[in-house]
$ cat target06.txt   # compact mmCIF, C-alpha atoms (C1' of nucleotides)
# COMPACT_ATOMS: atom_id res chain seq x y z
CA MET A 21 -7.38 -10.42 -6.67
CA LYS A 22 -7.15 -14.14 -7.08
CA GLY A 23 -8.53 -15.96 -10.08
CA TYR A 24 -6.60 -14.30 -12.86
CA LEU A 25 -4.81 -17.53 -13.71
CA TRP A 26 -7.16 -18.84 -16.35
CA GLY A 27 -7.44 -15.63 -18.30
CA PRO A 28 -9.65 -14.99 -21.35
CA SER A 29 -8.90 -18.31 -22.97
CA ALA A 30 -11.09 -19.78 -25.73
CA ALA A 31 -13.53 -22.03 -23.88
CA THR A 32 -15.77 -19.29 -22.53
CA SER A 33 -17.62 -16.85 -24.74
CA VAL A 34 -17.11 -13.54 -23.00
CA ARG A 35 -19.88 -11.21 -24.09
CA THR A 36 -18.30 -7.92 -23.10
CA PRO A 37 -14.59 -8.32 -22.55
CA GLN A 38 -14.22 -6.29 -19.33
CA SER A 39 -12.95 -3.14 -20.90
CA GLY A 40 -10.40 -2.05 -18.35
CA TRP A 41 -12.22 1.09 -17.41
CA GLU A 42 -15.28 -0.95 -16.62
CA SER A 43 -13.65 -3.11 -14.01
CA MET A 44 -11.89 -0.05 -12.69
CA ALA A 45 -15.22 1.65 -12.13
CA ILE A 46 -16.77 -1.50 -10.71
CA ASP A 47 -13.99 -1.91 -8.20
CA ALA A 48 -14.20 1.74 -7.25
CA VAL A 49 -17.85 1.35 -6.41
CA GLY A 50 -16.96 -1.78 -4.46
CA ASN A 51 -14.58 0.31 -2.41
CA VAL A 52 -17.06 3.09 -1.75
CA ILE A 53 -19.68 0.70 -0.55
CA GLU A 54 -17.15 -1.07 1.64
CA PHE A 55 -16.39 2.29 3.15
CA TRP A 56 -20.07 2.58 3.98
CA GLY A 57 -19.81 -0.70 5.85
CA PHE A 58 -21.08 -3.19 3.31
CA LYS A 59 -19.45 -5.95 1.38
CA ARG A 60 -17.19 -4.97 -1.44
CA ASN A 61 -18.80 -7.50 -3.74
CA GLN A 62 -22.26 -6.20 -3.09
CA GLY A 63 -21.08 -2.93 -4.55
CA ARG A 64 -19.39 -4.66 -7.46
CA VAL A 65 -22.49 -6.60 -8.43
CA TRP A 66 -24.63 -3.50 -8.29
CA ALA A 67 -22.09 -1.50 -10.30
CA LEU A 68 -21.93 -4.13 -13.00
CA LEU A 69 -25.68 -4.17 -13.38
CA TYR A 70 -25.88 -0.42 -13.28
CA LEU A 71 -23.20 0.13 -15.86
CA ARG A 72 -24.41 -2.48 -18.29
CA ASP A 73 -27.95 -1.20 -17.96
CA THR A 74 -29.18 -4.64 -18.88
CA ALA A 75 -30.71 -7.43 -16.90
CA LEU A 76 -28.00 -10.05 -16.47
CA THR A 77 -28.30 -13.64 -15.34
CA ALA A 78 -26.61 -14.93 -12.22
CA ALA A 79 -24.27 -16.96 -14.42
CA GLU A 80 -23.18 -13.84 -16.28
CA ILE A 81 -22.53 -11.96 -13.08
CA GLU A 82 -20.60 -14.90 -11.78
CA LYS A 83 -18.40 -14.94 -14.84
CA GLU A 84 -17.86 -11.20 -15.19
CA LEU A 85 -16.90 -10.61 -11.60
CA ASP A 86 -15.24 -13.96 -11.02
CA LEU A 87 -17.42 -14.95 -8.11
CA SER A 88 -18.79 -18.29 -7.04
CA LYS A 89 -22.28 -19.48 -7.78
CA GLY A 90 -23.28 -19.50 -4.15
CA GLY A 91 -21.72 -16.12 -3.61
CA VAL A 92 -23.71 -14.50 -6.38
CA SER A 93 -26.89 -16.01 -5.01
CA MET A 94 -26.31 -14.53 -1.59
CA LEU A 95 -25.13 -11.17 -2.83
CA ILE A 96 -28.18 -10.80 -5.02
CA ARG A 97 -30.44 -11.80 -2.19
CA ASP A 98 -29.04 -8.94 -0.10
CA LEU A 99 -29.30 -6.41 -2.89
CA GLU A 100 -32.85 -7.46 -3.63
CA ARG A 101 -33.83 -7.24 0.01
CA TRP A 102 -32.52 -3.70 0.06
CA GLY A 103 -34.42 -2.91 -3.09
CA VAL A 104 -31.49 -1.82 -5.23
CA VAL A 105 -31.65 -4.79 -7.57
CA LEU A 106 -34.75 -6.13 -9.26
CA ARG A 107 -35.37 -9.67 -10.40
CA VAL A 108 -37.08 -9.93 -13.77
CA ARG A 109 -38.25 -12.86 -15.84
CA THR A 110 -37.52 -12.46 -19.53
CA PRO A 111 -40.18 -14.08 -21.79
CA GLY A 112 -38.39 -16.83 -23.67
CA ASP A 113 -35.82 -17.40 -20.96
CA ALA A 114 -35.78 -20.06 -18.30
CA SER A 115 -33.64 -18.19 -15.84
CA TRP A 116 -34.07 -14.99 -13.88
CA ARG A 117 -32.31 -11.81 -14.81
CA TYR A 118 -31.30 -9.01 -12.51
CA ARG A 119 -31.03 -5.30 -13.02
CA ALA A 120 -29.97 -2.31 -10.96
CA GLU A 121 -32.96 -0.43 -9.67
CA THR A 122 -31.89 2.58 -7.66
CA ASP A 123 -28.69 3.99 -6.33
CA LEU A 124 -26.58 2.49 -3.64
CA LEU A 125 -26.37 5.49 -1.34
CA GLN A 126 -30.06 5.34 -0.75
CA MET A 127 -29.70 1.80 0.41
CA ALA A 128 -26.66 2.58 2.52
CA ARG A 129 -28.54 5.34 4.24
CA ARG A 130 -31.54 3.20 4.98
CA VAL A 131 -29.54 0.35 6.38
CA ILE A 132 -27.31 2.61 8.43
CA GLU A 133 -30.36 4.34 9.78
CA GLU A 134 -31.59 1.03 11.07
CA ARG A 135 -28.36 -0.54 12.19
CA GLU A 136 -26.01 2.14 13.33
CA PHE A 137 -28.48 4.28 15.16
CA ALA A 138 -29.57 1.31 17.21
CA PHE A 139 -25.94 0.59 17.94
CA ILE A 140 -25.12 4.11 19.09
CA ALA A 141 -28.35 4.34 21.05
CA ARG A 142 -27.33 1.21 22.90
CA ILE A 143 -24.01 2.73 23.82
CA ARG A 144 -25.62 5.90 25.02
CA ALA A 145 -27.94 3.88 27.19
CA ASP A 146 -24.99 2.01 28.68
CA LEU A 147 -23.22 5.23 29.53
CA ALA A 148 -26.35 6.71 31.03
CA GLU A 149 -26.82 3.58 33.10
CA ALA A 150 -23.21 3.67 34.28
CA ARG A 151 -23.63 7.24 35.35
CA LYS A 152 -26.79 6.50 37.23
CA LEU A 153 -25.09 3.71 39.13
CA ALA A 154 -22.16 5.97 39.91
CA GLU A 155 -24.48 8.70 41.13
CA ALA A 156 -26.30 6.28 43.38
CA ASP A 157 -23.02 5.22 44.95
CA ALA A 158 -22.20 7.82 47.59
CA THR A 159 -18.50 6.93 47.64
CA VAL A 160 -18.04 8.11 44.08
CA GLU A 161 -16.66 11.60 43.77
CA ARG A 162 -18.57 14.31 42.00
CA GLU A 163 -15.63 14.76 39.59
CA LYS A 164 -15.93 11.21 38.34
CA VAL A 165 -19.62 11.59 37.63
CA GLU A 166 -18.78 14.70 35.68
CA ARG A 167 -16.40 12.70 33.53
CA LEU A 168 -19.04 10.11 32.85
CA ARG A 169 -21.33 12.89 31.75
CA LYS A 170 -18.72 14.12 29.31
CA MET A 171 -18.31 10.70 27.83
CA GLU A 172 -22.03 10.56 27.30
CA ALA A 173 -21.72 13.80 25.40
CA VAL A 174 -19.26 12.13 23.04
CA ALA A 175 -21.76 9.43 22.23
CA GLU A 176 -24.44 12.04 21.73
CA ALA A 177 -22.20 14.04 19.44
CA THR A 178 -21.50 10.93 17.43
CA GLU A 179 -25.17 10.29 17.02
CA ARG A 180 -25.85 13.85 15.98
CA ALA A 181 -23.00 13.87 13.51
CA LEU A 182 -24.19 10.60 12.03
CA ASN A 183 -27.56 12.20 11.58
CA VAL A 184 -26.12 15.13 9.70
CA PHE A 185 -24.01 12.79 7.62
CA LEU A 186 -27.03 10.87 6.43
CA LYS A 187 -29.05 13.98 5.84
CA THR A 188 -26.27 15.56 3.84
CA SER A 189 -25.77 12.58 1.61
CA ARG A 190 -29.48 12.49 0.99
CA LEU A 191 -29.69 16.08 -0.11
CA ASP A 192 -26.54 15.66 -2.06
CA VAL A 193 -27.44 12.69 -4.19
CA GLY A 194 -31.16 12.71 -3.77
CA GLY A 195 -32.95 12.98 -7.07
CA MET A 196 -29.85 12.21 -8.97
CA PHE A 197 -30.72 8.58 -9.57
CA GLU A 198 -34.45 8.84 -9.19
CA ARG A 199 -35.10 7.47 -12.65
CA PHE A 200 -32.73 6.01 -15.16
CA ARG A 201 -34.22 3.06 -16.94
CA ALA A 202 -37.01 3.47 -19.49
CA MET B 8 -13.72 -11.87 28.28
CA LYS B 9 -11.12 -14.47 29.04
CA GLY B 10 -8.79 -14.26 31.96
CA TYR B 11 -11.25 -14.22 34.82
CA LEU B 12 -9.89 -17.48 36.12
CA TRP B 13 -7.34 -16.07 38.50
CA GLY B 14 -9.71 -13.62 40.12
CA PRO B 15 -8.81 -11.13 42.85
CA SER B 16 -6.80 -13.63 44.85
CA ALA B 17 -4.32 -12.53 47.48
CA ALA B 18 -1.11 -12.17 45.54
CA THR B 19 -2.12 -9.03 43.67
CA SER B 20 -3.20 -5.86 45.41
CA VAL B 21 -6.12 -4.59 43.36
CA ARG B 22 -6.30 -0.86 43.90
CA THR B 23 -9.80 -0.14 42.58
CA PRO B 24 -11.96 -3.25 42.21
CA GLN B 25 -13.66 -2.48 38.86
CA SER B 26 -16.89 -1.07 40.15
CA GLY B 27 -19.40 -2.44 37.64
CA TRP B 28 -20.39 0.90 36.28
CA GLU B 29 -16.77 1.65 35.57
CA SER B 30 -16.25 -1.28 33.25
CA MET B 31 -19.63 -0.60 31.74
CA ALA B 32 -18.56 2.92 30.84
CA ILE B 33 -15.14 1.74 29.66
CA ASP B 34 -16.68 -0.80 27.34
CA ALA B 35 -19.14 1.74 26.03
CA VAL B 36 -16.31 4.03 25.04
CA GLY B 37 -14.57 1.06 23.47
CA ASN B 38 -17.66 0.56 21.35
CA VAL B 39 -17.94 4.18 20.30
CA ILE B 40 -14.37 4.31 19.20
CA GLU B 41 -14.76 1.06 17.34
CA PHE B 42 -17.66 2.65 15.53
CA TRP B 43 -15.29 5.41 14.49
CA GLY B 44 -13.02 2.81 12.95
CA PHE B 45 -10.46 2.30 15.68
CA LYS B 46 -9.64 -0.57 17.93
CA ARG B 47 -11.99 -1.25 20.73
CA ASN B 48 -9.15 -1.58 23.20
CA GLN B 49 -7.69 1.76 22.26
CA GLY B 50 -10.92 3.27 23.47
CA ARG B 51 -10.94 1.15 26.60
CA VAL B 52 -7.43 2.15 27.60
CA TRP B 53 -8.20 5.81 27.07
CA ALA B 54 -11.46 5.55 28.99
CA LEU B 55 -9.77 3.90 31.95
CA LEU B 56 -7.16 6.64 32.15
CA TYR B 57 -9.74 9.33 31.66
CA LEU B 58 -12.09 8.04 34.31
CA ARG B 59 -9.45 7.35 36.90
CA ASP B 60 -7.94 10.76 36.29
CA THR B 61 -4.63 9.38 37.49
CA ALA B 62 -1.47 8.36 35.71
CA LEU B 63 -1.44 4.57 35.65
CA THR B 64 1.41 2.22 34.86
CA ALA B 65 1.28 -0.21 31.98
CA ALA B 66 1.08 -3.05 34.47
CA GLU B 67 -1.99 -1.52 36.07
CA ILE B 68 -3.70 -1.03 32.74
CA GLU B 69 -2.85 -4.57 31.82
CA LYS B 70 -4.45 -5.88 34.97
CA GLU B 71 -7.53 -3.66 34.98
CA LEU B 72 -8.49 -4.31 31.40
CA ASP B 73 -7.18 -7.84 31.22
CA LEU B 74 -4.86 -7.24 28.31
CA SER B 75 -1.46 -8.64 27.50
CA LYS B 76 1.82 -6.85 28.17
CA GLY B 77 2.59 -6.50 24.51
CA GLY B 78 -0.90 -5.42 23.73
CA VAL B 79 -0.81 -2.58 26.24
CA SER B 80 2.51 -1.44 24.86
CA MET B 81 1.15 -1.18 21.34
CA LEU B 82 -2.14 0.39 22.34
CA ILE B 83 -0.36 3.06 24.35
CA ARG B 84 2.03 3.72 21.51
CA ASP B 85 -0.92 4.47 19.23
CA LEU B 86 -2.68 6.67 21.76
CA GLU B 87 0.52 8.58 22.41
CA ARG B 88 1.16 9.07 18.74
CA TRP B 89 -2.31 10.55 18.41
CA GLY B 90 -1.68 12.79 21.38
CA VAL B 91 -4.57 11.63 23.54
CA VAL B 92 -2.39 9.93 26.14
CA LEU B 93 0.66 11.41 27.77
CA ARG B 94 3.61 9.54 29.24
CA VAL B 95 4.85 10.93 32.52
CA ARG B 96 7.70 9.97 34.78
CA THR B 97 6.81 10.09 38.44
CA PRO B 98 9.76 11.09 40.70
CA GLY B 99 10.43 8.12 42.95
CA ASP B 100 9.14 5.63 40.42
CA ALA B 101 11.11 3.47 38.05
CA SER B 102 8.36 2.98 35.51
CA TRP B 103 6.42 5.29 33.25
CA ARG B 104 2.89 6.28 33.96
CA TYR B 105 0.24 7.26 31.45
CA ARG B 106 -2.66 9.67 31.64
CA ALA B 107 -5.47 10.76 29.36
CA GLU B 108 -4.72 14.06 27.76
CA THR B 109 -7.59 15.16 25.50
CA ASP B 110 -10.75 13.70 24.19
CA LEU B 111 -11.04 10.86 21.77
CA LEU B 112 -13.28 12.49 19.20
CA GLN B 113 -10.60 15.02 18.44
CA MET B 114 -8.22 12.23 17.68
CA ALA B 115 -10.78 10.32 15.66
CA ARG B 116 -11.44 13.37 13.55
CA ARG B 117 -7.79 14.04 12.90
CA VAL B 118 -7.00 10.49 11.94
CA ILE B 119 -10.08 10.18 9.77
CA GLU B 120 -9.23 13.41 8.09
CA GLU B 121 -5.89 11.95 7.10
CA ARG B 122 -6.87 8.40 6.32
CA GLU B 123 -10.39 8.35 5.02
CA PHE B 124 -10.17 11.39 2.86
CA ALA B 125 -7.17 9.95 1.12
CA PHE B 126 -9.10 6.75 0.61
CA ILE B 127 -12.15 8.43 -0.86
CA ALA B 128 -10.00 10.73 -2.97
CA ARG B 129 -8.32 7.66 -4.43
CA ILE B 130 -11.68 6.18 -5.35
CA ARG B 131 -12.81 9.39 -6.96
CA ALA B 132 -9.65 9.49 -9.00
CA ASP B 133 -10.24 5.93 -10.17
CA LEU B 134 -13.76 6.75 -11.28
CA ALA B 135 -12.61 9.88 -13.05
CA GLU B 136 -9.90 7.87 -14.80
CA ALA B 137 -12.38 5.20 -15.82
CA ARG B 138 -14.67 7.83 -17.28
CA LYS B 139 -11.84 9.42 -19.20
CA LEU B 140 -10.90 6.10 -20.72
CA ALA B 141 -14.52 5.45 -21.62
CA GLU B 142 -14.84 8.86 -23.21
CA ALA B 143 -11.74 8.29 -25.27
CA ASP B 144 -13.17 5.04 -26.58
CA ALA B 145 -15.47 5.96 -29.47
CA THR B 146 -17.37 2.68 -29.28
CA VAL B 147 -18.72 3.51 -25.84
CA GLU B 148 -22.22 4.93 -25.83
CA ARG B 149 -22.93 8.34 -24.42
CA GLU B 150 -25.40 6.75 -21.99
CA LYS B 151 -22.69 4.69 -20.38
CA VAL B 152 -20.45 7.67 -19.85
CA GLU B 153 -23.36 9.38 -18.19
CA ARG B 154 -23.67 6.51 -15.77
CA LEU B 155 -20.01 6.72 -14.92
CA ARG B 156 -20.49 10.37 -14.23
CA LYS B 157 -23.31 9.59 -11.81
CA MET B 158 -21.17 7.10 -9.97
CA GLU B 159 -18.53 9.76 -9.57
CA ALA B 160 -21.20 11.93 -8.04
CA VAL B 161 -21.81 9.28 -5.42
CA ALA B 162 -18.17 9.32 -4.41
CA GLU B 163 -18.24 13.07 -4.30
CA ALA B 164 -21.34 13.06 -2.16
CA THR B 165 -19.70 10.63 0.20
CA GLU B 166 -16.72 12.89 0.56
CA ARG B 167 -18.89 15.90 1.16
CA ALA B 168 -20.99 14.11 3.73
CA LEU B 169 -17.87 12.90 5.51
CA ASN B 170 -16.74 16.47 5.65
CA VAL B 171 -19.94 17.62 7.25
CA PHE B 172 -19.80 14.73 9.65
CA LEU B 173 -16.38 15.74 10.91
CA LYS B 174 -17.28 19.37 11.08
CA THR B 175 -20.43 18.65 13.03
CA SER B 176 -18.70 16.51 15.59
CA ARG B 177 -16.09 19.21 16.01
CA LEU B 178 -18.61 21.93 16.73
CA ASP B 179 -20.52 19.58 18.91
CA VAL B 180 -17.83 18.47 21.30
CA GLY B 181 -15.20 21.06 20.63
CA GLY B 182 -14.16 22.87 23.76
CA MET B 183 -15.88 20.38 25.96
CA PHE B 184 -12.72 18.55 26.87
CA GLU B 185 -10.29 21.37 26.23
CA ARG B 186 -8.79 21.23 29.72
CA PHE B 187 -9.49 18.91 32.55
CA ARG B 188 -6.41 18.18 34.59
CA ALA B 189 -4.85 20.81 36.91
C1' DC C 30 -42.38 -38.32 -14.17
C1' DA C 31 -37.50 -38.17 -15.64
C1' DT C 32 -34.09 -34.87 -16.92
C1' DG C 33 -31.49 -30.77 -16.71
C1' DC C 34 -30.52 -26.40 -15.41
C1' DA C 35 -31.27 -22.28 -12.20
C1' DG C 36 -31.04 -21.05 -7.67
C1' DT C 37 -30.25 -21.87 -2.54
C1' DT C 38 -28.05 -23.49 1.51
C1' DC C 39 -24.40 -24.25 4.59
C1' DA C 40 -20.19 -26.46 6.39
C1' DA C 41 -15.56 -25.83 5.57
C1' DA C 42 -11.73 -23.03 3.82
C1' DA C 43 -9.67 -18.66 3.14
C1' DC C 44 -8.81 -14.28 4.70
C1' DG C 45 -7.81 -10.24 7.47
C1' DC C 46 -7.36 -8.16 11.73
C1' DC C 47 -6.27 -8.22 16.60
C1' DT C 48 -4.08 -10.24 20.53
C1' DT C 49 -0.83 -13.06 22.83
C1' DG C 50 3.43 -14.34 24.81
C1' DA C 51 8.16 -15.20 24.63
C1' DA C 52 12.50 -13.30 23.30
C1' DC C 53 14.73 -9.22 23.20
C1' DT C 54 16.22 -4.30 24.36
C1' DA C 55 16.51 -0.38 27.36
C1' DT C 56 16.85 1.72 31.69
C1' DA C 57 17.37 2.41 36.52
C1' DT C 58 19.55 1.04 40.78
C1' DG C 59 22.77 -0.81 44.14
C1' DC D 10 28.86 -3.42 35.84
C1' DA D 11 25.45 -6.88 37.39
C1' DT D 12 20.81 -7.37 38.21
C1' DA D 13 16.13 -6.51 38.03
C1' DT D 14 12.29 -4.55 36.12
C1' DA D 15 9.94 -1.90 32.41
C1' DG D 16 8.96 -1.64 27.74
C1' DT D 17 9.15 -3.23 22.70
C1' DT D 18 8.85 -6.29 18.91
C1' DC D 19 6.94 -9.71 16.08
C1' DA D 20 5.81 -14.51 14.75
C1' DA D 21 2.25 -17.48 15.86
C1' DG D 22 -2.42 -18.13 17.23
C1' DG D 23 -7.23 -16.82 17.69
C1' DC D 24 -11.37 -15.05 16.01
C1' DG D 25 -14.94 -13.06 13.27
C1' DT D 26 -16.25 -12.35 8.56
C1' DT D 27 -16.51 -13.51 3.69
C1' DT D 28 -16.15 -16.80 0.03
C1' DT D 29 -16.22 -21.26 -1.92
C1' DG D 30 -18.07 -25.48 -3.65
C1' DA D 31 -20.76 -29.42 -3.36
C1' DA D 32 -25.16 -31.20 -2.09
C1' DC D 33 -29.71 -30.08 -2.37
C1' DT D 34 -34.29 -27.98 -3.86
C1' DG D 35 -37.44 -26.25 -7.21
C1' DC D 36 -39.11 -25.61 -11.62
C1' DA D 37 -39.89 -26.06 -16.42
C1' DT D 38 -39.88 -28.99 -20.29
C1' DG D 39 -40.23 -33.11 -23.20
$ encode --input "target06.txt" --output "structure tokens"
Amino acid sequence: MKGYLWGPSAATSVRTPQSGWESMAIDAVGNVIEFWGFKRNQGRVWALLYLRDTALTAAEIEKELDLSKGGVSMLIRDLERWGVVLRVRTPGDASWRYRAETDLLQMARRVIEEREFAFIARIRADLAEARKLAEADATVEREKVERLRKMEAVAEATERALNVFLKTSRLDVGGMFERFRA
Amino acid sequence: MKGYLWGPSAATSVRTPQSGWESMAIDAVGNVIEFWGFKRNQGRVWALLYLRDTALTAAEIEKELDLSKGGVSMLIRDLERWGVVLRVRTPGDASWRYRAETDLLQMARRVIEEREFAFIARIRADLAEARKLAEADATVEREKVERLRKMEAVAEATERALNVFLKTSRLDVGGMFERFRA
DNA sequence: CATGCAGTTCAAAACGCCTTGAACTATATG
DNA sequence: CATATAGTTCAAGGCGTTTTGAACTGCATG
């Protein structure tokens, strides 16, 4: 949304000229992954690698997606850490190349399982603690404690729903991406 | 987190002195609702009204939660629009008062149903469009089209999972808050 | 061991969202 | 209808997150 000023001039040798539909798909994946709570550009990098089905260099990624050098480095680091992008060394080549390894939903699920559950658990604990304090205080009416209990139920419901969400997406996509190179 | 400088001096008559557990619970609800993609303070305002089980004035809300006048106005407008807070006029009182009407999850579900589904649907459409364009282009390998198809499946799975998520939370909490005044 | 390029780091800039506060409008009351 | 108080609006400011770009590190090669 920014660097479209210096379009496909002559200086740079664009390998694959961003065929309209490709960037459309790449951006769409960026949006899905943003919906899942990650960075848009993490999704775009993965989508590029997945679609091309080739190991690209950081410089190529940088050029295709119009990102900065540092940005690509950090994005790839994240994707590697999550195991959705693999770093490979091509024989006669000095630089690393990167390729998409598995699907993004798998990663999203894993990370959400770690992050979000801890977050919700924390909230539940806070509500439980608040209720305990209220119960200990004799001046607090029974009605109020009841309300606190109901709010706890909301947090619990959220947690349960999140659980089902993750499980569903697993069943749904599971085995769909299991193998796609080779 | 800011205006604790002018504590409970003498000028203002604090009705209920923020009993520790109360603000703990209020903040917890703020966090849950933020998790659901809303503003933290929307959740806090609702939680205050719900816990107090009394119709409060904007000025009271402003003081209790340490918000600005304008902020309270906008937060209440949103909550009213979503039907979780009701505006009531007390007889001998010049100003409006506000009270919690139903639970927050209901609202979250409704809003998400409108907003997020549209968002995901848009993404799916983009991916479908990209695939169509790719299919029309004879130079595009079959393999690549297949990959586009798989990415579409991810968006579809997301939509389906979102659906289950909402349904689950409905069954889970539904009828728990149905009526609580009177 | 000097050179050059790939990759990393991180402070600063850009960006987006939320909140503030002052000006303004609406409403009730004497 | 004048005044006071409640409520709304919105530009400006604040704040957290993401991105940039320049300095730096590491590595391979001659």
$ closest_atom_pairs --input "target06.txt" --of "chain C" --to "range 112-132 of chain A" --cutoff "12 Å" --atoms "only C-alpha atoms (C1' of nucleotides)" --output "CSV"
residue,atom,partner,partner_atom,distance
C:DG33,C1',A:Ala114,CA,11.6
C:DC34,C1',A:Ala114,CA,8.7
C:DA35,C1',A:Ser115,CA,6.0
C:DG36,C1',A:Ser115,CA,9.0
$ interface_residues --input "target06.txt" --of "chain C" --to "chain B" --cutoff "7 Å" --atoms "only C-alpha atoms (C1' of nucleotides)" --output "PyMOL selection string"
chain C and resi 48-49+57
$ atom_distance --input "target06.txt" --atom1 "CA of Ser43 in chain A" --atom2 "CA of Glu153 in chain B"
16.4 Å
$ atom_distance --input "target06.txt" --atom1 "C1' of DC44 in chain C" --atom2 "CA of Val36 in chain B"
28.4 Å
$ closest_atom_pairs --input "target06.txt" --of "chain A" --to "chain B" --cutoff "6 Å" --atoms "only C-alpha atoms" --output "tab-separated table"
residue	atom	partner	partner_atom	distance
A:Trp41	CA	B:Ala137	CA	4.4
A:Ala45	CA	B:Leu134	CA	5.4
A:Ala48	CA	B:Ile130	CA	5.4
A:Ile143	CA	B:Ala35	CA	5.4
A:Leu147	CA	B:Ala32	CA	5.4
A:Ala150	CA	B:Trp28	CA	4.4
A:Ala177	CA	B:Ser176	CA	5.8
A:Ala181	CA	B:Phe172	CA	5.1
A:Phe185	CA	B:Phe172	CA	5.1
A:Thr188	CA	B:Ala168	CA	5.5
A:Ser189	CA	B:Ala168	CA	5.4
A:Asp192	CA	B:Ala164	CA	5.8
$ interface_residues --input "target06.txt" --of "chain D" --to "chain A" --cutoff "8 Å" --atoms "all atoms listed in the file" --output "short mmCIF file (atom, residue, chain, number, x, y, z; two decimals) with C-alpha atoms (C1' of nucleotides), in the coordinates of the input"
data_model
loop_
_atom_site.label_atom_id
_atom_site.label_comp_id
_atom_site.auth_asym_id
_atom_site.auth_seq_id
_atom_site.Cartn_x
_atom_site.Cartn_y
_atom_site.Cartn_z
"C1'" DT D 28 -16.15 -16.80 0.03
"C1'" DT D 29 -16.22 -21.26 -1.92
"C1'" DG D 30 -18.07 -25.48 -3.65
"C1'" DA D 37 -39.89 -26.06 -16.42
#
$ build_atoms --input "target06.txt" --residues "range 54-69 of chain A" --atoms "N, CA and C atoms" --output "short mmCIF file (atom, residue, chain, number, x, y, z; two decimals), keeping the file's coordinate frame"
data_model
loop_
_atom_site.label_atom_id
_atom_site.label_comp_id
_atom_site.auth_asym_id
_atom_site.auth_seq_id
_atom_site.Cartn_x
_atom_site.Cartn_y
_atom_site.Cartn_z
N GLU A 54 -17.84 -0.45 0.50
CA GLU A 54 -17.15 -1.07 1.64
C GLU A 54 -16.91 -0.02 2.70
N PHE A 55 -16.58 1.18 2.24
CA PHE A 55 -16.39 2.29 3.15
C PHE A 55 -17.66 2.54 3.96
N TRP A 56 -18.79 2.38 3.31
CA TRP A 56 -20.07 2.58 3.98
C TRP A 56 -20.44 1.39 4.87
N GLY A 57 -19.57 0.40 4.92
CA GLY A 57 -19.81 -0.70 5.85
C GLY A 57 -20.50 -1.91 5.25
N PHE A 58 -20.48 -2.02 3.93
CA PHE A 58 -21.08 -3.19 3.31
C PHE A 58 -20.00 -4.04 2.65
N LYS A 59 -20.43 -5.10 2.02
CA LYS A 59 -19.45 -5.95 1.38
C LYS A 59 -19.05 -5.38 0.03
N ARG A 60 -17.77 -5.39 -0.17
CA ARG A 60 -17.19 -4.97 -1.44
C ARG A 60 -17.92 -5.55 -2.65
N ASN A 61 -18.19 -6.85 -2.59
CA ASN A 61 -18.80 -7.50 -3.74
C ASN A 61 -20.27 -7.15 -3.93
N GLN A 62 -20.90 -6.68 -2.89
CA GLN A 62 -22.26 -6.20 -3.09
C GLN A 62 -22.20 -4.97 -3.99
N GLY A 63 -21.24 -4.12 -3.72
CA GLY A 63 -21.08 -2.93 -4.55
C GLY A 63 -20.68 -3.28 -5.98
N ARG A 64 -19.84 -4.30 -6.12
CA ARG A 64 -19.39 -4.66 -7.46
C ARG A 64 -20.53 -5.22 -8.30
N VAL A 65 -21.35 -6.04 -7.69
CA VAL A 65 -22.49 -6.60 -8.43
C VAL A 65 -23.42 -5.47 -8.87
N TRP A 66 -23.74 -4.61 -7.94
CA TRP A 66 -24.63 -3.50 -8.29
C TRP A 66 -24.03 -2.67 -9.42
N ALA A 67 -22.75 -2.35 -9.31
CA ALA A 67 -22.09 -1.50 -10.30
C ALA A 67 -22.10 -2.14 -11.68
N LEU A 68 -21.89 -3.43 -11.71
CA LEU A 68 -21.93 -4.13 -13.00
C LEU A 68 -23.30 -3.99 -13.64
N LEU A 69 -24.32 -4.25 -12.85
CA LEU A 69 -25.68 -4.17 -13.38
C LEU A 69 -26.02 -2.75 -13.78
#
